[in-house]
Every structure is written in C-alpha cells, then in structure tokens.
>>> print(open('target_38.pdb').read())   # PDB, C-alpha atoms
ATOM      1  CA  MET A 595       1.351 -87.877   8.191
ATOM      2  CA  VAL A 596      -0.631 -86.592   5.213
ATOM      3  CA  ALA A 597      -4.292 -85.712   5.784
ATOM      4  CA  ASP A 598      -6.761 -87.972   3.982
ATOM      5  CA  GLU A 599      -8.136 -85.218   1.725
ATOM      6  CA  VAL A 600      -4.643 -84.103   0.735
ATOM      7  CA  ALA A 601      -3.470 -87.677   0.058
ATOM      8  CA  ALA A 602      -6.531 -88.443  -2.066
ATOM      9  CA  THR A 603      -6.114 -85.221  -4.057
ATOM     10  CA  LEU A 604      -2.457 -85.955  -4.759
ATOM     11  CA  ALA A 605      -3.236 -89.545  -5.726
ATOM     12  CA  ASP A 606      -5.721 -88.223  -8.294
ATOM     13  CA  GLY A 607      -3.123 -85.848  -9.725
ATOM     14  CA  ARG A 608      -5.085 -82.769  -8.676
ATOM     15  CA  ALA A 609      -3.739 -79.507  -7.299
ATOM     16  CA  VAL A 610      -2.599 -79.039  -3.708
ATOM     17  CA  VAL A 611      -1.023 -75.900  -2.215
ATOM     18  CA  ALA A 612       1.082 -76.156   0.936
ATOM     19  CA  LEU A 613       0.819 -73.400   3.549
ATOM     20  CA  GLU A 614       3.361 -72.747   6.294
ATOM     21  CA  SER A 615       2.380 -72.380   9.920
ATOM     22  CA  THR A 616       5.007 -70.063  11.410
ATOM     23  CA  ILE A 617       2.848 -67.124  10.411
ATOM     24  CA  ILE A 618       0.148 -68.525  12.704
ATOM     25  CA  SER A 619       2.277 -68.867  15.830
ATOM     26  CA  HIS A 620       5.013 -66.276  15.297
ATOM     27  CA  GLY A 621       4.174 -64.032  12.339
ATOM     28  CA  LEU A 622       0.858 -62.384  13.193
ATOM     29  CA  PRO A 623      -0.897 -61.389  16.436
ATOM     30  CA  SER A 624      -4.113 -63.010  17.621
ATOM     31  CA  PRO A 625      -6.800 -63.144  16.315
ATOM     32  CA  GLN A 626      -5.441 -62.148  12.865
ATOM     33  CA  ASN A 627      -3.140 -65.165  12.842
ATOM     34  CA  VAL A 628      -5.867 -67.801  12.825
ATOM     35  CA  GLU A 629      -8.236 -65.693  10.715
ATOM     36  CA  THR A 630      -5.549 -65.184   8.064
ATOM     37  CA  ALA A 631      -4.596 -68.873   8.008
ATOM     38  CA  LEU A 632      -8.207 -69.889   7.443
ATOM     39  CA  GLU A 633      -8.727 -67.195   4.801
ATOM     40  CA  CYS A 634      -5.603 -68.360   2.946
ATOM     41  CA  ALA A 635      -7.008 -71.893   2.890
ATOM     42  CA  ALA A 636     -10.323 -70.521   1.632
ATOM     43  CA  HIS A 637      -8.582 -68.638  -1.196
ATOM     44  CA  VAL A 638      -6.845 -71.858  -2.253
ATOM     45  CA  ARG A 639     -10.159 -73.735  -2.325
ATOM     46  CA  ALA A 640     -11.857 -70.931  -4.238
ATOM     47  CA  SER A 641      -9.403 -71.513  -7.088
ATOM     48  CA  GLY A 642     -10.107 -75.239  -7.147
ATOM     49  CA  ALA A 643      -7.043 -76.507  -5.263
ATOM     50  CA  VAL A 644      -6.794 -78.145  -1.831
ATOM     51  CA  PRO A 645      -4.882 -76.392   0.970
ATOM     52  CA  ALA A 646      -2.401 -78.302   3.136
ATOM     53  CA  THR A 647      -1.132 -76.389   6.159
ATOM     54  CA  VAL A 648       2.066 -77.949   7.495
ATOM     55  CA  ALA A 649       3.131 -78.239  11.147
ATOM     56  CA  VAL A 650       4.453 -80.630  13.755
ATOM     57  CA  ILE A 651       1.597 -81.711  16.024
ATOM     58  CA  ASP A 652       2.476 -83.738  19.133
ATOM     59  CA  GLY A 653       5.555 -85.223  17.517
ATOM     60  CA  SER A 654       3.983 -85.920  14.104
ATOM     61  CA  LEU A 655       4.954 -84.002  10.958
ATOM     62  CA  ARG A 656       1.547 -83.192   9.514
ATOM     63  CA  VAL A 657       0.632 -82.106   5.985
ATOM     64  CA  GLY A 658      -2.945 -80.843   6.185
ATOM     65  CA  LEU A 659      -4.410 -79.530   9.447
ATOM     66  CA  SER A 660      -7.913 -79.281  10.851
ATOM     67  CA  VAL A 661      -9.413 -75.965  11.967
ATOM     68  CA  ASP A 662      -8.949 -77.028  15.597
ATOM     69  CA  GLU A 663      -5.254 -77.704  14.998
ATOM     70  CA  ILE A 664      -4.780 -74.318  13.314
ATOM     71  CA  GLU A 665      -6.490 -72.635  16.260
ATOM     72  CA  ARG A 666      -4.213 -74.554  18.610
ATOM     73  CA  LEU A 667      -1.132 -73.202  16.822
ATOM     74  CA  GLY A 668      -2.595 -69.724  17.136
ATOM     75  CA  SER A 669      -2.830 -70.046  20.899
ATOM     76  CA  GLY A 670       0.932 -69.612  21.219
ATOM     77  CA  GLU A 671       2.014 -73.068  22.377
ATOM     78  CA  ALA A 672       3.979 -73.999  19.246
ATOM     79  CA  GLU A 673       7.733 -73.737  18.903
ATOM     80  CA  LYS A 674       9.339 -72.408  15.741
ATOM     81  CA  ALA A 675      10.468 -75.362  13.624
ATOM     82  CA  SER A 676      13.132 -75.084  10.964
ATOM     83  CA  LEU A 677      14.926 -78.065   9.440
ATOM     84  CA  ARG A 678      17.358 -78.432  12.307
ATOM     85  CA  ASP A 679      14.511 -78.611  14.839
ATOM     86  CA  LEU A 680      12.401 -81.346  13.256
ATOM     87  CA  GLY A 681      14.241 -84.325  14.750
ATOM     88  CA  TYR A 682      14.023 -82.923  18.261
ATOM     89  CA  LEU A 683      10.335 -82.030  17.983
ATOM     90  CA  LEU A 684       9.439 -85.431  16.544
ATOM     91  CA  ALA A 685      11.471 -87.353  19.117
ATOM     92  CA  GLU A 686      10.104 -85.398  22.072
ATOM     93  CA  GLY A 687       6.477 -85.408  20.919
ATOM     94  CA  ARG A 688       6.328 -81.627  20.767
ATOM     95  CA  THR A 689       4.351 -79.165  18.649
ATOM     96  CA  GLY A 690       6.007 -76.745  16.244
ATOM     97  CA  SER A 691       5.088 -74.396  13.431
ATOM     98  CA  THR A 692       7.150 -74.923  10.292
ATOM     99  CA  THR A 693       9.290 -72.283   8.616
ATOM    100  CA  VAL A 694       9.683 -71.972   4.840
ATOM    101  CA  ALA A 695      12.550 -74.496   4.840
ATOM    102  CA  ALA A 696      10.730 -77.078   6.949
ATOM    103  CA  THR A 697       7.498 -76.623   4.997
ATOM    104  CA  MET A 698       9.341 -77.176   1.721
ATOM    105  CA  PHE A 699      10.809 -80.391   3.099
ATOM    106  CA  ALA A 700       7.419 -81.717   4.206
ATOM    107  CA  SER A 701       5.774 -80.613   0.970
ATOM    108  CA  HIS A 702       8.318 -82.435  -1.156
ATOM    109  CA  ARG A 703       8.019 -85.598   0.925
ATOM    110  CA  ALA A 704       4.253 -85.520   0.393
ATOM    111  CA  GLY A 705       4.540 -84.803  -3.352
ATOM    112  CA  ILE A 706       3.335 -81.187  -3.258
ATOM    113  CA  ARG A 707       4.973 -78.890  -5.805
ATOM    114  CA  VAL A 708       3.571 -75.452  -4.897
ATOM    115  CA  PHE A 709       3.794 -73.668  -1.567
ATOM    116  CA  ALA A 710       2.514 -70.205  -0.569
ATOM    117  CA  THR A 711       3.996 -68.029   2.158
ATOM    118  CA  GLY A 712       4.499 -64.359   2.983
ATOM    119  CA  GLY A 713       8.200 -63.792   2.341
ATOM    120  CA  ILE A 714      11.284 -65.981   2.325
ATOM    121  CA  GLY A 715      14.291 -65.704   4.594
ATOM    122  CA  GLY A 716      17.734 -64.894   3.283
ATOM    123  CA  VAL A 717      20.985 -63.150   4.124
ATOM    124  CA  HIS A 718      20.703 -60.907   7.171
ATOM    125  CA  ARG A 719      22.067 -57.387   7.187
ATOM    126  CA  GLY A 720      25.505 -56.806   8.669
ATOM    127  CA  ASP A 721      28.632 -58.918   8.718
ATOM    128  CA  ASP A 722      27.736 -61.706  11.123
ATOM    129  CA  HIS A 723      27.126 -64.206   8.265
ATOM    130  CA  ASP A 724      23.596 -65.011   9.485
ATOM    131  CA  ILE A 725      21.923 -66.821   6.580
ATOM    132  CA  SER A 726      18.487 -68.427   6.638
ATOM    133  CA  ALA A 727      18.072 -72.163   6.075
ATOM    134  CA  ASP A 728      15.419 -71.157   3.530
ATOM    135  CA  LEU A 729      18.197 -70.617   0.983
ATOM    136  CA  THR A 730      19.622 -74.095   1.498
ATOM    137  CA  ALA A 731      16.147 -75.572   1.165
ATOM    138  CA  LEU A 732      15.520 -73.643  -2.049
ATOM    139  CA  ALA A 733      18.789 -74.919  -3.486
ATOM    140  CA  THR A 734      17.981 -78.577  -2.783
ATOM    141  CA  THR A 735      14.197 -79.017  -2.699
ATOM    142  CA  PRO A 736      12.085 -79.021  -5.901
ATOM    143  CA  VAL A 737       9.168 -76.945  -4.632
ATOM    144  CA  ALA A 738       7.949 -73.576  -5.932
ATOM    145  CA  VAL A 739       7.588 -70.939  -3.214
ATOM    146  CA  VAL A 740       5.060 -68.233  -4.055
ATOM    147  CA  CYS A 741       5.975 -65.218  -1.939
ATOM    148  CA  ALA A 742       6.108 -61.422  -1.884
ATOM    149  CA  GLY A 743       9.871 -61.611  -2.235
ATOM    150  CA  VAL A 744      12.419 -61.625   0.566
ATOM    151  CA  LYS A 745      11.454 -60.188   3.946
ATOM    152  CA  ALA A 746      12.427 -56.534   3.622
ATOM    153  CA  VAL A 747      14.277 -56.501   6.949
ATOM    154  CA  LEU A 748      17.000 -58.651   5.324
ATOM    155  CA  ASP A 749      19.828 -57.803   2.923
ATOM    156  CA  LEU A 750      17.975 -58.090  -0.376
ATOM    157  CA  PRO A 751      20.868 -57.609  -2.830
ATOM    158  CA  ARG A 752      22.998 -60.252  -1.113
ATOM    159  CA  THR A 753      20.027 -62.619  -0.886
ATOM    160  CA  VAL A 754      19.264 -62.290  -4.596
ATOM    161  CA  GLU A 755      22.952 -62.884  -5.344
ATOM    162  CA  ALA A 756      22.933 -65.979  -3.111
ATOM    163  CA  LEU A 757      19.893 -67.371  -4.930
ATOM    164  CA  GLU A 758      21.677 -66.883  -8.244
ATOM    165  CA  THR A 759      24.779 -68.634  -6.925
ATOM    166  CA  LEU A 760      22.645 -71.543  -5.700
ATOM    167  CA  GLY A 761      20.953 -71.891  -9.092
ATOM    168  CA  VAL A 762      17.501 -70.909  -7.816
ATOM    169  CA  PRO A 763      15.482 -68.995 -10.436
ATOM    170  CA  ILE A 764      13.295 -66.064  -9.434
ATOM    171  CA  VAL A 765      10.151 -65.900 -11.546
ATOM    172  CA  GLY A 766       8.585 -62.456 -11.327
ATOM    173  CA  GLN A 767       4.821 -62.929 -11.341
ATOM    174  CA  GLY A 768       3.777 -59.871 -13.295
ATOM    175  CA  THR A 769       6.954 -58.000 -12.388
ATOM    176  CA  ASP A 770      10.467 -57.379 -13.692
ATOM    177  CA  VAL A 771      11.946 -56.660 -10.253
ATOM    178  CA  MET A 772      12.155 -58.491  -6.964
ATOM    179  CA  PRO A 773       9.267 -57.471  -4.676
ATOM    180  CA  GLU A 774      10.309 -56.169  -1.275
ATOM    181  CA  PHE A 775       7.552 -57.685   0.860
ATOM    182  CA  TRP A 776       5.562 -54.620   1.970
ATOM    183  CA  THR A 777       6.374 -52.770  -1.269
ATOM    184  CA  ARG A 778       6.374 -53.803  -4.930
ATOM    185  CA  GLY A 779      10.136 -53.591  -5.343
ATOM    186  CA  GLY A 780      13.059 -51.443  -6.323
ATOM    187  CA  ASP A 781      15.704 -52.209  -8.934
ATOM    188  CA  LEU A 782      16.762 -55.817  -8.286
ATOM    189  CA  PRO A 783      15.895 -57.757 -11.463
ATOM    190  CA  VAL A 784      14.237 -61.178 -11.402
ATOM    191  CA  SER A 785      15.456 -64.081 -13.540
ATOM    192  CA  VAL A 786      12.413 -64.036 -15.783
ATOM    193  CA  ARG A 787       8.996 -62.383 -15.864
ATOM    194  CA  SER A 788       5.749 -64.335 -16.171
ATOM    195  CA  ASP A 789       2.436 -62.568 -16.670
ATOM    196  CA  ARG A 790       0.176 -65.605 -16.351
ATOM    197  CA  PRO A 791      -0.076 -68.528 -13.916
ATOM    198  CA  THR A 792      -0.098 -70.916 -16.888
ATOM    199  CA  THR A 793       3.238 -69.496 -18.055
ATOM    200  CA  THR A 794       4.693 -69.918 -14.576
ATOM    201  CA  ALA A 795       3.436 -73.497 -14.428
ATOM    202  CA  GLY A 796       5.135 -74.169 -17.760
ATOM    203  CA  ILE A 797       8.423 -72.788 -16.437
ATOM    204  CA  LEU A 798       8.196 -74.961 -13.318
ATOM    205  CA  HIS A 799       7.335 -78.025 -15.379
ATOM    206  CA  ALA A 800      10.303 -77.481 -17.699
ATOM    207  CA  HIS A 801      12.679 -76.659 -14.813
ATOM    208  CA  TRP A 802      11.990 -79.938 -13.020
ATOM    209  CA  GLY A 803      11.304 -81.901 -16.172
ATOM    210  CA  CYS A 804      14.856 -81.421 -17.428
ATOM    211  CA  GLY A 805      16.215 -82.880 -14.195
ATOM    212  CA  LEU A 806      16.919 -79.809 -12.063
ATOM    213  CA  LEU A 807      16.270 -80.434  -8.379
ATOM    214  CA  SER A 808      16.270 -76.913  -6.965
ATOM    215  CA  GLY A 809      13.274 -74.960  -5.830
ATOM    216  CA  VAL A 810      11.902 -71.894  -7.595
ATOM    217  CA  VAL A 811      11.009 -68.526  -6.092
ATOM    218  CA  VAL A 812       7.795 -67.151  -7.583
ATOM    219  CA  ALA A 813       8.004 -63.483  -6.648
ATOM    220  CA  ASN A 814       4.455 -62.153  -6.453
ATOM    221  CA  PRO A 815       4.218 -58.416  -5.584
ATOM    222  CA  ILE A 816       1.859 -57.144  -2.907
ATOM    223  CA  PRO A 817      -1.384 -55.773  -4.427
ATOM    224  CA  ILE A 818      -0.835 -52.128  -5.269
ATOM    225  CA  ALA A 819      -3.922 -51.036  -3.313
ATOM    226  CA  VAL A 820      -2.323 -52.086  -0.017
ATOM    227  CA  GLU A 821       1.333 -51.366  -0.797
ATOM    228  CA  ALA A 822       3.063 -49.619   2.095
ATOM    229  CA  ASP A 823       4.907 -46.320   1.709
ATOM    230  CA  PRO A 824       8.549 -47.244   0.894
ATOM    231  CA  GLN A 825      10.125 -44.466   2.955
ATOM    232  CA  THR A 826       7.978 -45.255   5.981
ATOM    233  CA  ILE A 827       9.038 -48.895   5.805
ATOM    234  CA  THR A 828      12.713 -47.989   5.346
ATOM    235  CA  ASP A 829      12.654 -45.690   8.380
ATOM    236  CA  ALA A 830      10.873 -48.337  10.463
ATOM    237  CA  ILE A 831      13.428 -51.003   9.520
ATOM    238  CA  VAL A 832      16.365 -48.751  10.408
ATOM    239  CA  GLY A 833      14.775 -47.946  13.759
ATOM    240  CA  GLY A 834      14.001 -51.602  14.377
ATOM    241  CA  LEU A 835      17.569 -52.693  13.677
ATOM    242  CA  ALA A 836      18.855 -50.113  16.147
ATOM    243  CA  ALA A 837      16.325 -51.267  18.744
ATOM    244  CA  ALA A 838      17.291 -54.916  18.211
ATOM    245  CA  GLU A 839      20.967 -54.119  18.702
ATOM    246  CA  ALA A 840      20.217 -52.140  21.863
ATOM    247  CA  ALA A 841      18.128 -55.015  23.226
ATOM    248  CA  GLU A 842      20.849 -57.535  22.257
ATOM    249  CA  VAL A 843      18.447 -59.521  20.093
ATOM    250  CA  HIS A 844      20.311 -61.992  17.870
ATOM    251  CA  GLY A 845      19.889 -64.942  15.497
ATOM    252  CA  ARG A 846      16.449 -66.341  14.815
ATOM    253  CA  ASP A 847      14.842 -63.819  17.191
ATOM    254  CA  VAL A 848      15.795 -60.807  15.073
ATOM    255  CA  THR A 849      13.164 -61.139  12.345
ATOM    256  CA  PRO A 850      10.114 -61.501  14.649
ATOM    257  CA  PHE A 851      11.469 -58.636  16.779
ATOM    258  CA  LEU A 852      11.769 -56.413  13.719
ATOM    259  CA  LEU A 853       8.326 -57.351  12.400
ATOM    260  CA  ALA A 854       6.757 -56.442  15.747
ATOM    261  CA  HIS A 855       8.692 -53.169  15.913
ATOM    262  CA  ILE A 856       7.702 -52.207  12.374
ATOM    263  CA  GLY A 857       4.073 -53.007  13.117
ATOM    264  CA  GLN A 858       4.119 -50.667  16.099
ATOM    265  CA  THR A 859       6.009 -47.931  14.247
ATOM    266  CA  THR A 860       3.633 -47.967  11.275
ATOM    267  CA  ARG A 861       0.585 -48.121  13.573
ATOM    268  CA  GLY A 862      -0.609 -51.370  12.054
ATOM    269  CA  ALA A 863      -0.155 -50.440   8.383
ATOM    270  CA  SER A 864       2.550 -53.057   7.901
ATOM    271  CA  LEU A 865       0.339 -55.681   9.537
ATOM    272  CA  GLU A 866      -2.532 -54.874   7.168
ATOM    273  CA  ALA A 867      -0.159 -55.158   4.221
ATOM    274  CA  ASN A 868       1.261 -58.436   5.549
ATOM    275  CA  VAL A 869      -2.171 -60.026   5.801
ATOM    276  CA  ALA A 870      -3.134 -58.848   2.320
ATOM    277  CA  LEU A 871       0.013 -60.132   0.641
ATOM    278  CA  VAL A 872      -0.203 -63.557   2.304
ATOM    279  CA  LYS A 873      -3.767 -64.056   1.086
ATOM    280  CA  HIS A 874      -2.819 -62.813  -2.383
ATOM    281  CA  ASN A 875       0.064 -65.282  -2.525
ATOM    282  CA  ALA A 876      -2.235 -68.158  -1.565
ATOM    283  CA  ALA A 877      -4.682 -67.289  -4.336
ATOM    284  CA  VAL A 878      -1.964 -66.984  -6.990
ATOM    285  CA  ALA A 879      -0.276 -70.187  -5.787
ATOM    286  CA  ALA A 880      -3.565 -72.045  -6.260
ATOM    287  CA  GLU A 881      -3.872 -70.796  -9.850
ATOM    288  CA  ILE A 882      -0.318 -71.939 -10.579
ATOM    289  CA  ALA A 883      -0.916 -75.318  -8.910
ATOM    290  CA  MET A 884      -4.078 -75.838 -10.963
ATOM    291  CA  ALA A 885      -2.185 -75.076 -14.182
ATOM    292  CA  LEU A 886       0.713 -77.332 -13.169
ATOM    293  CA  ALA A 887      -1.627 -80.214 -12.354
ATOM    294  CA  ALA A 888      -3.026 -79.994 -15.889
ATOM    295  CA  LEU A 889       0.422 -80.672 -17.402
ATOM    296  CA  PRO A 890       1.904 -84.163 -17.910
ATOM    297  CA  THR A 891       3.082 -85.892 -14.751
ATOM    298  CA  LEU A 892       6.718 -85.296 -13.905
ATOM    299  CA  GLY A 893       9.110 -88.088 -13.069
ATOM    300  CA  VAL A 894       9.743 -86.687  -9.578
ATOM    301  CA  GLY A 895       6.884 -85.934  -7.195
ATOM    302  CA  ARG A 896       3.173 -86.168  -7.809
ATOM    303  CA  ASN A 897       1.951 -82.570  -8.112
TER
END
>>> encode(input="target_38.pdb", output="structure tokens")
Amino acid sequence: MVADEVAATLADGRAVVALESTIISHGLPSPQNVETALECAAHVRASGAVPATVAVIDGSLRVGLSVDEIERLGSGEAEKASLRDLGYLLAEGRTGSTTVAATMFASHRAGIRVFATGGIGGVHRGDDHDISADLTALATTPVAVVCAGVKAVLDLPRTVEALETLGVPIVGQGTDVMPEFWTRGGDLPVSVRSDRPTTTAGILHAHWGCGLLSGVVVANPIPIAVEADPQTITDAIVGGLAAAEAAEVHGRDVTPFLLAHIGQTTRGASLEANVALVKHNAAVAAEIAMALAALPTLGVGRN
C-alpha cells in the first residue's frame, strides 16, 4: 500500500525518496533510531522531495509511514524483512522492517527511483559463501541506492568485484574510490565519478533509458568532519569478528552483532558517524531525485 501523499507525488511526476526501516528496528539503539529516521525524512523534505519509509505493517507492505508507525518500529517489535521473508510476513499479518533488498523491491513496485540508506550488504568475510540478497536486488531492480558504500565489516574487494560481475555501476558522488562506511575509502575505484547531483541524475536517466534494468550504487562518502579514524575502525572490526566467532554468531546475525561490538569498542564514535552518514545520504538522495524528476519521463517506472 502506497501512502496517499507518496502516490499523489508520484502521479504528478515529482520527486520521492524511499527510506529503509531496518535501521530503525535493528541498526540503531533507542532513541537515536526513531530520531534519525525522522531527521532523514526532514532532510528529504528540506530539499523539496517527499520521503517514503518502507516497512511491513500488520501484514501490509507499506510505502510511506506515519510518525506513529515509525515509532512503533523503533519499539523493537519488528522482525527483519529481506526478500525471502516478505511472503511469510504478509501471509501471517506480521510487522517487519525492510532491508536494502526488500526496500528496493517495494520502491520499484511503487515507481520510486531513488532510495537512501546507510550502507549496502555484500560478500561477507571468510570462505562460507555468505552473500547478501542486496547484491541480487541491485542486479535486477532499477533503483538507485544512495549509500556510504558497503558496510565496512564485509569483504569490500569481493563485493565490488561482485557488483562489477552483476553489471551494477558504482557512481562515486564526489569521490574516485569506494567509501568504506565509517571512513571515506581506500583504494577501490568506483565505476565513474560524479561531482553534482544533476550529473548523477543524468547517468541514472541514461542507464535506465537505454533499457538496462539493474540498480545503481551511488557511493556517497561520510562527511569528512565526522569520519572515523580508519585504524580504530579496523581494530574494532577485527575484534568484533573474533568475538562473533567465539559466540558462534552466524548468518544474518553477524552484521548487527558486529555493529553493536564496534559501537561499544569505539565508545559511541561509530554510532555518531553512522547517524551522520545516514542523514547525509538522505539529503543527497533528495537532490538527485529532484534532478531526476526534472528529466523526461522514462518508459519504466514513474520517478
């Protein structure tokens, strides 16, 4: 179900930015989770676009949530919903917060072209072949994901290689290298650099306009003023991976475990950076969505 404001905005050909909800229920502690979600929506509105937070509420896949619904997700009752979980949640009338993959799916169904999040999933470290459904979604869903790169707890080189194999371009927003979530990046090159939202919108328009159906990663580095110390983050990740192995944490539980461990190890510095980069991504996504909405309508989708 698409919220009335979102549906009307899309019908008029104006800009909408989708926002995921996993960060509310699983990514940030209370009360920062709800506060950050509402601030992200405010940043989108400040740029002239309409925010559309995505989640499953009582068995309904919703695109556009009320403040009360966002606060409900922040209370901790929501399950984590990736693509494989949607059917179960819808059939059983349950509530779930959508991951990047599930949010892309809902966004595309609604006609939304631009989506802002913190970081995307990818190939996990090690040899257990644990790969996020985010990569499959990016390969098959024509939505631009504005993010601070891949979550730094993952295997970044293998994730970038997987994106290349899947035909998913990485547009560096003001950068030549892939951002590494809490830091501005190392030496992994992006597909192309764009220094303006209008340029990025033009790339997206041409990518989909020629018939390509994949998503696009818009890699938007964390603001330099809140960038974390790279060595501190590296040490925290190594310690977190060891702690996860000792606690026998596996699969989808690894990333939230590591994020919590890193937050404790850095005494909240990583959390401050996380909040800042998410809000920055929302603001940049809105600028791109506004520029994209000003271009001729594409044959697929409405935004």
>>> axis_aligned_box(input="target_38.pdb", around="region 677-692 of chain A", padding_each_side="3 Å", output="JSON")
{"center_x": 10.9, "center_y": -80.9, "center_z": 15.8, "size_x": 19.0, "size_y": 19.0, "size_z": 18.6}
>>> resolve_selection(input="target_38.pdb", expression="the PyMOL selection byres ((chain A and resi 876) around 7)", output="ChimeraX atom specification")
/A:634,637-638,710,872-875,877-880
>>> write_last_selection(input="target_38.pdb", atoms="C-alpha atoms", output="PDB file, in the coordinates of the input")
ATOM      1  CA  CYS A 634      -5.603 -68.360   2.946  1.00  0.00           C
ATOM      2  CA  HIS A 637      -8.582 -68.638  -1.196  1.00  0.00           C
ATOM      3  CA  VAL A 638      -6.845 -71.858  -2.253  1.00  0.00           C
ATOM      4  CA  ALA A 710       2.514 -70.205  -0.569  1.00  0.00           C
ATOM      5  CA  VAL A 872      -0.203 -63.557   2.304  1.00  0.00           C
ATOM      6  CA  LYS A 873      -3.767 -64.056   1.086  1.00  0.00           C
ATOM      7  CA  HIS A 874      -2.819 -62.813  -2.383  1.00  0.00           C
ATOM      8  CA  ASN A 875       0.064 -65.282  -2.525  1.00  0.00           C
ATOM      9  CA  ALA A 877      -4.682 -67.289  -4.336  1.00  0.00           C
ATOM     10  CA  VAL A 878      -1.964 -66.984  -6.990  1.00  0.00           C
ATOM     11  CA  ALA A 879      -0.276 -70.187  -5.787  1.00  0.00           C
ATOM     12  CA  ALA A 880      -3.565 -72.045  -6.260  1.00  0.00           C
TER      13      ALA A 880
END
>>> atom_distance(input="target_38.pdb", atom1="CA of Ile706 (chain A)", atom2="CA of Arg639 (chain A)")
15.4 Å
>>> resolve_selection(input="target_38.pdb", expression="the PyMOL selection byres ((chain A and resi 599) around 10)", output="number ranges by chain")
A: 596-598, 600-605, 610, 644-646, 658
>>> write_last_selection(input="target_38.pdb", atoms="C-alpha atoms", output="mmCIF file, in the coordinates of the input")
data_model
loop_
_atom_site.group_PDB
_atom_site.id
_atom_site.type_symbol
_atom_site.label_atom_id
_atom_site.label_comp_id
_atom_site.auth_asym_id
_atom_site.auth_seq_id
_atom_site.Cartn_x
_atom_site.Cartn_y
_atom_site.Cartn_z
ATOM 1 C CA VAL A 596 -0.631 -86.592 5.213
ATOM 2 C CA ALA A 597 -4.292 -85.712 5.784
ATOM 3 C CA ASP A 598 -6.761 -87.972 3.982
ATOM 4 C CA VAL A 600 -4.643 -84.103 0.735
ATOM 5 C CA ALA A 601 -3.470 -87.677 0.058
ATOM 6 C CA ALA A 602 -6.531 -88.443 -2.066
ATOM 7 C CA THR A 603 -6.114 -85.221 -4.057
ATOM 8 C CA LEU A 604 -2.457 -85.955 -4.759
ATOM 9 C CA ALA A 605 -3.236 -89.545 -5.726
ATOM 10 C CA VAL A 610 -2.599 -79.039 -3.708
ATOM 11 C CA VAL A 644 -6.794 -78.145 -1.831
ATOM 12 C CA PRO A 645 -4.882 -76.392 0.970
ATOM 13 C CA ALA A 646 -2.401 -78.302 3.136
ATOM 14 C CA GLY A 658 -2.945 -80.843 6.185
#
>>> atom_distance(input="target_38.pdb", atom1="CA of Ala838 (chain A)", atom2="CA of Ala696 (chain A)")
25.7 Å
>>> resolve_selection(input="target_38.pdb", expression="the PyMOL selection byres ((chain A and resi 669-678) around 12)", output="mmCIF file with C-alpha atoms, in the coordinates of the input")
data_model
loop_
_atom_site.group_PDB
_atom_site.id
_atom_site.type_symbol
_atom_site.label_atom_id
_atom_site.label_comp_id
_atom_site.auth_asym_id
_atom_site.auth_seq_id
_atom_site.Cartn_x
_atom_site.Cartn_y
_atom_site.Cartn_z
ATOM 1 C CA GLU A 614 3.361 -72.747 6.294
ATOM 2 C CA SER A 615 2.380 -72.380 9.920
ATOM 3 C CA THR A 616 5.007 -70.063 11.410
ATOM 4 C CA ILE A 617 2.848 -67.124 10.411
ATOM 5 C CA ILE A 618 0.148 -68.525 12.704
ATOM 6 C CA SER A 619 2.277 -68.867 15.830
ATOM 7 C CA HIS A 620 5.013 -66.276 15.297
ATOM 8 C CA GLY A 621 4.174 -64.032 12.339
ATOM 9 C CA LEU A 622 0.858 -62.384 13.193
ATOM 10 C CA PRO A 623 -0.897 -61.389 16.436
ATOM 11 C CA SER A 624 -4.113 -63.010 17.621
ATOM 12 C CA PRO A 625 -6.800 -63.144 16.315
ATOM 13 C CA GLN A 626 -5.441 -62.148 12.865
ATOM 14 C CA ASN A 627 -3.140 -65.165 12.842
ATOM 15 C CA VAL A 628 -5.867 -67.801 12.825
ATOM 16 C CA VAL A 648 2.066 -77.949 7.495
ATOM 17 C CA ALA A 649 3.131 -78.239 11.147
ATOM 18 C CA VAL A 650 4.453 -80.630 13.755
ATOM 19 C CA ILE A 651 1.597 -81.711 16.024
ATOM 20 C CA ASP A 652 2.476 -83.738 19.133
ATOM 21 C CA GLY A 653 5.555 -85.223 17.517
ATOM 22 C CA LEU A 655 4.954 -84.002 10.958
ATOM 23 C CA ASP A 662 -8.949 -77.028 15.597
ATOM 24 C CA GLU A 663 -5.254 -77.704 14.998
ATOM 25 C CA ILE A 664 -4.780 -74.318 13.314
ATOM 26 C CA GLU A 665 -6.490 -72.635 16.260
ATOM 27 C CA ARG A 666 -4.213 -74.554 18.610
ATOM 28 C CA LEU A 667 -1.132 -73.202 16.822
ATOM 29 C CA GLY A 668 -2.595 -69.724 17.136
ATOM 30 C CA ASP A 679 14.511 -78.611 14.839
ATOM 31 C CA LEU A 680 12.401 -81.346 13.256
ATOM 32 C CA GLY A 681 14.241 -84.325 14.750
ATOM 33 C CA TYR A 682 14.023 -82.923 18.261
ATOM 34 C CA LEU A 683 10.335 -82.030 17.983
ATOM 35 C CA LEU A 684 9.439 -85.431 16.544
ATOM 36 C CA GLY A 687 6.477 -85.408 20.919
ATOM 37 C CA ARG A 688 6.328 -81.627 20.767
ATOM 38 C CA THR A 689 4.351 -79.165 18.649
ATOM 39 C CA GLY A 690 6.007 -76.745 16.244
ATOM 40 C CA SER A 691 5.088 -74.396 13.431
ATOM 41 C CA THR A 692 7.150 -74.923 10.292
ATOM 42 C CA THR A 693 9.290 -72.283 8.616
ATOM 43 C CA VAL A 694 9.683 -71.972 4.840
ATOM 44 C CA ALA A 695 12.550 -74.496 4.840
ATOM 45 C CA ALA A 696 10.730 -77.078 6.949
ATOM 46 C CA THR A 697 7.498 -76.623 4.997
ATOM 47 C CA MET A 698 9.341 -77.176 1.721
ATOM 48 C CA PHE A 699 10.809 -80.391 3.099
ATOM 49 C CA ALA A 700 7.419 -81.717 4.206
ATOM 50 C CA GLY A 715 14.291 -65.704 4.594
ATOM 51 C CA SER A 726 18.487 -68.427 6.638
ATOM 52 C CA ALA A 727 18.072 -72.163 6.075
ATOM 53 C CA ASP A 728 15.419 -71.157 3.530
ATOM 54 C CA LEU A 729 18.197 -70.617 0.983
ATOM 55 C CA THR A 730 19.622 -74.095 1.498
ATOM 56 C CA ALA A 731 16.147 -75.572 1.165
ATOM 57 C CA ARG A 846 16.449 -66.341 14.815
ATOM 58 C CA ASP A 847 14.842 -63.819 17.191
ATOM 59 C CA PRO A 850 10.114 -61.501 14.649
#
>>> closest_atom_pairs(input="target_38.pdb", of="region 671-766 of chain A", to="region 803-817 of chain A", cutoff="6 Å", atoms="all atoms listed in the file", output="tab-separated table")
residue	atom	partner	partner_atom	distance
A:Leu732	CA	A:Gly809	CA	4.6
A:Ala733	CA	A:Ser808	CA	4.7
A:Thr734	CA	A:Ser808	CA	4.8
A:Thr735	CA	A:Ser808	CA	5.2
A:Pro736	CA	A:Gly809	CA	4.2
A:Val737	CA	A:Gly809	CA	4.7
A:Ala738	CA	A:Val810	CA	4.6
A:Val739	CA	A:Val811	CA	5.1
A:Val740	CA	A:Val812	CA	4.6
A:Cys741	CA	A:Ala813	CA	5.4
A:Ala742	CA	A:Asn814	CA	4.9
A:Gly743	CA	A:Ala813	CA	5.1
A:Val762	CA	A:Val810	CA	5.7
A:Pro763	CA	A:Val810	CA	5.4
A:Ile764	CA	A:Val811	CA	4.7
A:Val765	CA	A:Val812	CA	4.8
A:Gly766	CA	A:Ala813	CA	4.8
>>> atom_distance(input="target_38.pdb", atom1="CA of Gly642 (chain A)", atom2="CA of Val744 (chain A)")
27.4 Å
